Structures are given as structure tokens and as C-alpha cells.
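Since the structure comes first, as C-alpha cells, the remarks are kept for the end.
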Amino acid sequence: MSSVSENLTQIRTQLPQEVTLVAVSKTYAVEVVREAYNAGQRIFGENRVQELVPKHEALPKDIEWHLIGHLQSNKVKYIAPFVSMIHSVDSLKLLQEIDKEAAKNGRIISVLLQFHIATEETKFGLSMDEARELLSSEALKQMSHVQIEGVMGMATFSENTELVRSEFKNLKAIFELLKSEFFSESDAFKHISMGMSGDYRIAIEEGSTMVRIGSSIFGSRN
Ligand SMILES: *Cc1c(COP(=O)(O)O)cnc(C)c1O
């Protein structure tokens, strides 16, 4: 079995320079995350608030923590003091809560809008109509402590690479549409978070700027 640092090196050599690697450390112990940290990794992703908070406490403070999983409004307050980016914004209500808690902490929190691109029913995310409604809302104009920096999506978990590719193409098209309709003046709106261990190569071919990779770095989860 290869080590965490060998896996990281292996993946980094495959990523174009402009693609950001989020090392997804969910379910892995703090000591394992520290190995990746010692190998130079500074951006980590977690999908649960209950796991993110203790890891933030236990690990070095120059880590940028990304919340990548579904987030309930009542849990935003626990991560607002330190989280760098929230990939999983899928409602106006959640965005308002993030804005409110960021303001309390004197921070501006970077967020991505999560889109439902997979054929599976269970994946969270906005539709294009819902996103347009959110982005045109009066409520959004009142928010000054969130910065919308792009989109995120998860493809269907499938061996069918053409299906996965078409879903990534769809997310890229959504990004381009939103960029031209709502963010043509914003340099910050630049991220397409797509691609995991099983499909990041396809995601990069389809324009990903940020890949979220867990098991290929840390080993398979039980
Ligand atoms: C777990 C997870 C990942 C990483 O999955 P791997 O297959 O381990 O690379 C990426 N994104 C999200 C939202 C996840 O929950």
C-alpha cells in the first residue's frame, strides 16, 4: 500500500496547475490528515459539521477547511468562525444564515452554489430555475458577508463514463450561463467544483477548477 504522501504526489502530478486540490478527509483520523498536512497539503474538505469542528480544533490553524456536504442552517454557527469555503449552498435560507453568522464573526465566507446534475434522486442541489430565483432575489442584495465564487456538483456514481461526462458538461454550461447572466463583473466567480476519486480525470477534461479527492489519497473508507 502506498503512503498518503505518495498518493498526494501521484495525484498532484496529474492536476493542471490551475486546478485546486481539496483533500477530502471525512472519516479519516486526525493523524492521517496530519500526514497529508506534513506532505504540504493545506486545503481539506469535510462533509459533516460534527467532524469538521473537532478536526479544525486538533489540526494546524493554517489549514483552509471546506465544507462540502449538505449543511443544515442550524449548524452554520459552529463553522462560521473559521470555514474557508462552503461548497453546498442549495437554498436562499441557507445562504442568509451563512451571511448572518459570517457577519457576527466579522468575516466574508466564500460559497459555491450546489447543482443537482446527477440522475440519482438522492443528491442535493439547485435546479437552474431555483438558482436564477436565488440570484435575482432582493434578499441576496442585502447580503454583504458571503461571496458566491462558483458552482459545485456531483456526478452520478456510475461506470458509465459518457453519462458522467455529460453531467460535468452540464455543470460547466450552468457555470457559463450564470457567469454571463449574473457575474460578468465578478472576478471572484470562477470555480467549478467537480470531480472525486473515481471521476476527477473526466471532470478536469470538462473544465473543473477544483477537485474533491478523498479515497485516492487516504485509502478506501469502511
Ligand atoms: C466524500 C466526498 C468526496 C470524495 O470522495 P472520494 O470518492 O473519496 O474521492 C467528494 N465530494 C463530496 C461531496 C463527498 O462527500
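To be explicit about the labels: the chains of the C-alpha cells are called A, B, and onward in the order shown, and within each one the residues are counted from 1, while ligands get numbers from 1 in the order they are shown.
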Problem set entry | Protein and nucleic acid residues within 10 Å of ligand 1 (only C-alpha atoms and all ligand atoms) as number ranges by chain | A: 22-27, 45-48, 67-70, 87-88, 114, 123-124, 152-155, 157, 193-200, 211-221
Problem set entry | region 34-155 of chain A: residues DSSP assigns to strand (DSSP E or B), reported as a VMD selection string | chain A and resid 43 to 46 64 to 67 85 to 89 109 to 115 126 146 to 153
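The smallest atom-to-atom distance between Ser91 (chain A) and any of A:Arg132, A:His191, A:Arg34, A:Lys141, using only C-alpha atoms, is found for A:Arg132.
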For this session: Have a look at A:Ala131, A:Val53, A:Ala29, A:Leu94 and name the one nearest to Glu181 (chain A); count only C-alpha atoms.
Result: A:Ala131
Exercise. In region 5-222 of chain A, what's alpha helix (DSSP H) per DSSP? Answer as number ranges by chain?
Worked result: A: 5-14, 30-38, 49-58, 76-79, 92-104, 128-136, 138-141, 161-182, 200-205, 215-218
For this session: Return the single residue from A:Val30, A:Val19, A:Leu134, A:Ile63 that is closest to Arg42 (chain A), with distances computed using only C-alpha atoms.
Result: A:Ile63
Exercise. Can you list, as number ranges by chain, every protein, DNA or RNA residue that comes within 10 Å of Ala39 (chain A) when you count only C-alpha atoms, leaving out same-chain residues fewer than 5 positions away?
Worked result: A: 4-6, 8-9, 33-34
Just N, CA, C and O atoms for this one: save the residues we selected as a compact mmCIF listing (two decimals), in the first residue's frame.
# COMPACT_ATOMS: atom_id res chain seq x y z
N VAL A 4 0.14 8.11 2.23
CA VAL A 4 -0.64 9.31 1.92
C VAL A 4 0.20 10.29 1.12
O VAL A 4 -0.28 10.87 0.13
N SER A 5 1.46 10.46 1.51
CA SER A 5 2.26 11.46 0.79
C SER A 5 2.57 11.00 -0.64
O SER A 5 2.59 11.81 -1.57
N GLU A 6 2.77 9.69 -0.82
CA GLU A 6 2.98 9.18 -2.19
C GLU A 6 1.71 9.37 -3.04
O GLU A 6 1.78 9.76 -4.20
N LEU A 8 -0.57 11.61 -2.65
CA LEU A 8 -0.72 13.04 -2.93
C LEU A 8 0.17 13.46 -4.10
O LEU A 8 -0.27 14.17 -5.01
N THR A 9 1.41 13.01 -4.06
CA THR A 9 2.35 13.35 -5.13
C THR A 9 1.84 12.84 -6.46
O THR A 9 1.84 13.56 -7.47
N VAL A 33 -4.78 12.79 8.58
CA VAL A 33 -4.89 14.12 7.96
C VAL A 33 -3.56 14.86 8.13
O VAL A 33 -3.09 15.53 7.21
N ARG A 34 -2.95 14.66 9.30
CA ARG A 34 -1.67 15.33 9.56
C ARG A 34 -0.57 14.86 8.60
O ARG A 34 0.30 15.63 8.22
Problem set entry | Straight-line distance linking CA of Gly207 (chain A) with CA of Val151 (chain A), stated in Å to one decimal | 11.9 Å
Problem set entry | Residues within 12 Å of Glu133 (chain A), only C-alpha atoms, excluding chain neighbours under 5 positions, as number ranges by chain | A: 90-92, 126-128, 138-140, 178, 182
For this session: Find the residues around Ala173 (chain A) up to 12 Å (only C-alpha atoms counted), leave out those fewer than 5 positions away in its own chain, and share them as a ChimeraX atom specification.
Result: /A:115,117,128,151,166-168,178-180,192,206-208
Can you spit out the residues from that selection as an mmCIF file, in the first residue's frame, using N, CA, C and O atoms?
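Below you can see again-v3.cif, which holds the result:
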data_model
loop_
_atom_site.group_PDB
_atom_site.id
_atom_site.type_symbol
_atom_site.label_atom_id
_atom_site.label_comp_id
_atom_site.auth_asym_id
_atom_site.auth_seq_id
_atom_site.Cartn_x
_atom_site.Cartn_y
_atom_site.Cartn_z
ATOM 1 N N PHE A 115 -25.365 22.345 -7.532
ATOM 2 C CA PHE A 115 -26.396 21.991 -8.518
ATOM 3 C C PHE A 115 -26.645 20.504 -8.537
ATOM 4 O O PHE A 115 -25.729 19.696 -8.327
ATOM 5 N N ILE A 117 -26.946 17.660 -10.667
ATOM 6 C CA ILE A 117 -26.619 17.295 -12.052
ATOM 7 C C ILE A 117 -26.746 15.801 -12.298
ATOM 8 O O ILE A 117 -26.749 15.352 -13.442
ATOM 9 N N MET A 128 -31.590 24.997 -12.302
ATOM 10 C CA MET A 128 -31.259 26.289 -12.903
ATOM 11 C C MET A 128 -32.322 27.340 -12.539
ATOM 12 O O MET A 128 -31.977 28.487 -12.229
ATOM 13 N N VAL A 151 -19.733 27.220 -8.742
ATOM 14 C CA VAL A 151 -20.721 26.141 -8.665
ATOM 15 C C VAL A 151 -20.056 24.827 -8.259
ATOM 16 O O VAL A 151 -18.848 24.651 -8.412
ATOM 17 N N SER A 166 -21.307 13.808 -19.478
ATOM 18 C CA SER A 166 -22.386 14.709 -19.878
ATOM 19 C C SER A 166 -22.882 15.526 -18.675
ATOM 20 O O SER A 166 -23.264 16.691 -18.817
ATOM 21 N N GLU A 167 -22.835 14.927 -17.493
ATOM 22 C CA GLU A 167 -23.245 15.682 -16.299
ATOM 23 C C GLU A 167 -22.239 16.794 -15.983
ATOM 24 O O GLU A 167 -22.626 17.906 -15.606
ATOM 25 N N PHE A 168 -20.966 16.503 -16.147
ATOM 26 C CA PHE A 168 -19.954 17.542 -15.935
ATOM 27 C C PHE A 168 -20.080 18.651 -16.998
ATOM 28 O O PHE A 168 -19.941 19.836 -16.682
ATOM 29 N N LEU A 178 -24.540 31.312 -15.751
ATOM 30 C CA LEU A 178 -24.642 32.179 -14.577
ATOM 31 C C LEU A 178 -23.606 33.294 -14.648
ATOM 32 O O LEU A 178 -23.876 34.432 -14.277
ATOM 33 N N LYS A 179 -22.419 32.928 -15.133
ATOM 34 C CA LYS A 179 -21.360 33.935 -15.268
ATOM 35 C C LYS A 179 -21.862 35.075 -16.166
ATOM 36 O O LYS A 179 -21.730 36.251 -15.810
ATOM 37 N N SER A 180 -22.458 34.740 -17.285
ATOM 38 C CA SER A 180 -22.871 35.812 -18.197
ATOM 39 C C SER A 180 -24.124 36.538 -17.700
ATOM 40 O O SER A 180 -24.256 37.735 -17.898
ATOM 41 N N ILE A 192 -15.440 25.910 -10.555
ATOM 42 C CA ILE A 192 -16.318 24.792 -10.882
ATOM 43 C C ILE A 192 -15.771 23.614 -10.084
ATOM 44 O O ILE A 192 -14.738 23.034 -10.437
ATOM 45 N N GLU A 206 -13.430 18.300 -18.545
ATOM 46 C CA GLU A 206 -14.647 19.085 -18.796
ATOM 47 C C GLU A 206 -14.627 20.456 -18.113
ATOM 48 O O GLU A 206 -15.655 21.125 -18.028
ATOM 49 N N GLY A 207 -13.489 20.858 -17.577
ATOM 50 C CA GLY A 207 -13.354 22.233 -17.110
ATOM 51 C C GLY A 207 -13.375 22.449 -15.609
ATOM 52 O O GLY A 207 -13.507 23.585 -15.143
ATOM 53 N N SER A 208 -13.229 21.390 -14.831
ATOM 54 C CA SER A 208 -13.165 21.559 -13.374
ATOM 55 C C SER A 208 -12.020 22.488 -12.985
ATOM 56 O O SER A 208 -10.940 22.444 -13.582
#
For this session: Do a neighbour search on His66 (chain A) at 6 Å with only C-alpha atoms, toss out local chain neighbours closer than 2 positions, and write the hits as a VMD selection string.
Result: chain A and resid 45 84 to 86
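CA of Glu97 (chain A) lies 21.9 Å from CA of Phe183 (chain A).
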Problem set entry | For Lys169 (chain A), the nearest of the candidates A:Ile202, A:Met143, A:Thr156, A:Ser186, counting only C-alpha atoms | A:Ile202
Exercise. Hey, which of A:Ser110, A:Ser136, A:Ser73, A:Asn105 ends up closest to Lys190 (chain A)? Count only C-alpha atoms.
Worked result: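 The closest residue to Lys190 (chain A) is A:Ser110.
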For this session: Give me the residues within 8 Å of Ala80 (chain A) as a PyMOL selection string, counting only C-alpha atoms and dropping any in the same chain fewer than 5 places off.
Result: chain A and resi 98+101-102+105+109
Export, as a tab-separated table (two decimals), in the first residue's frame, the selected residues with all heavy atoms.
chain	number	residue	atom	x	y	z
A	98	ILE	N	-25.74	31.77	6.50
A	98	ILE	CA	-24.28	31.90	6.39
A	98	ILE	C	-23.89	33.38	6.46
A	98	ILE	O	-22.94	33.76	7.17
A	98	ILE	CB	-23.76	31.25	5.08
A	98	ILE	CG1	-24.03	29.75	5.09
A	98	ILE	CG2	-22.26	31.51	4.92
A	98	ILE	CD1	-23.82	29.06	3.72
A	101	GLU	N	-24.24	34.64	10.13
A	101	GLU	CA	-23.20	34.12	11.03
A	101	GLU	C	-21.82	34.66	10.64
A	101	GLU	O	-20.98	34.89	11.51
A	101	GLU	CB	-23.21	32.59	11.05
A	101	GLU	CG	-24.47	31.99	11.68
A	101	GLU	CD	-24.64	32.34	13.16
A	101	GLU	OE1	-23.63	32.53	13.86
A	101	GLU	OE2	-25.80	32.46	13.60
A	102	ALA	N	-21.58	34.84	9.36
A	102	ALA	CA	-20.32	35.43	8.92
A	102	ALA	C	-20.21	36.86	9.45
A	102	ALA	O	-19.15	37.28	9.93
A	102	ALA	CB	-20.22	35.41	7.40
A	105	ASN	N	-19.15	37.13	12.94
A	105	ASN	CA	-17.73	36.84	13.12
A	105	ASN	C	-16.83	37.83	12.38
A	105	ASN	O	-15.62	37.63	12.31
A	105	ASN	CB	-17.43	35.42	12.64
A	105	ASN	CG	-17.95	34.36	13.59
A	105	ASN	OD1	-17.31	34.07	14.61
A	105	ASN	ND2	-19.12	33.80	13.32
A	109	ILE	N	-17.56	34.89	3.97
A	109	ILE	CA	-17.37	33.47	3.69
A	109	ILE	C	-17.61	33.20	2.20
A	109	ILE	O	-18.61	33.64	1.63
A	109	ILE	CB	-18.28	32.60	4.57
A	109	ILE	CG1	-17.90	32.78	6.06
A	109	ILE	CG2	-18.19	31.11	4.17
A	109	ILE	CD1	-18.74	31.98	7.05
For this session: Work out how far apart CA of Asn74 (chain A) and CA of Ser137 (chain A) are and give it in Å to one decimal.
Result: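 These two atoms are separated by 22.1 Å.
Closest approach to Phe189 (chain A) among A:Leu135, A:Val111, A:Val164, A:Leu52 is made by A:Val111 (distances from only C-alpha atoms).
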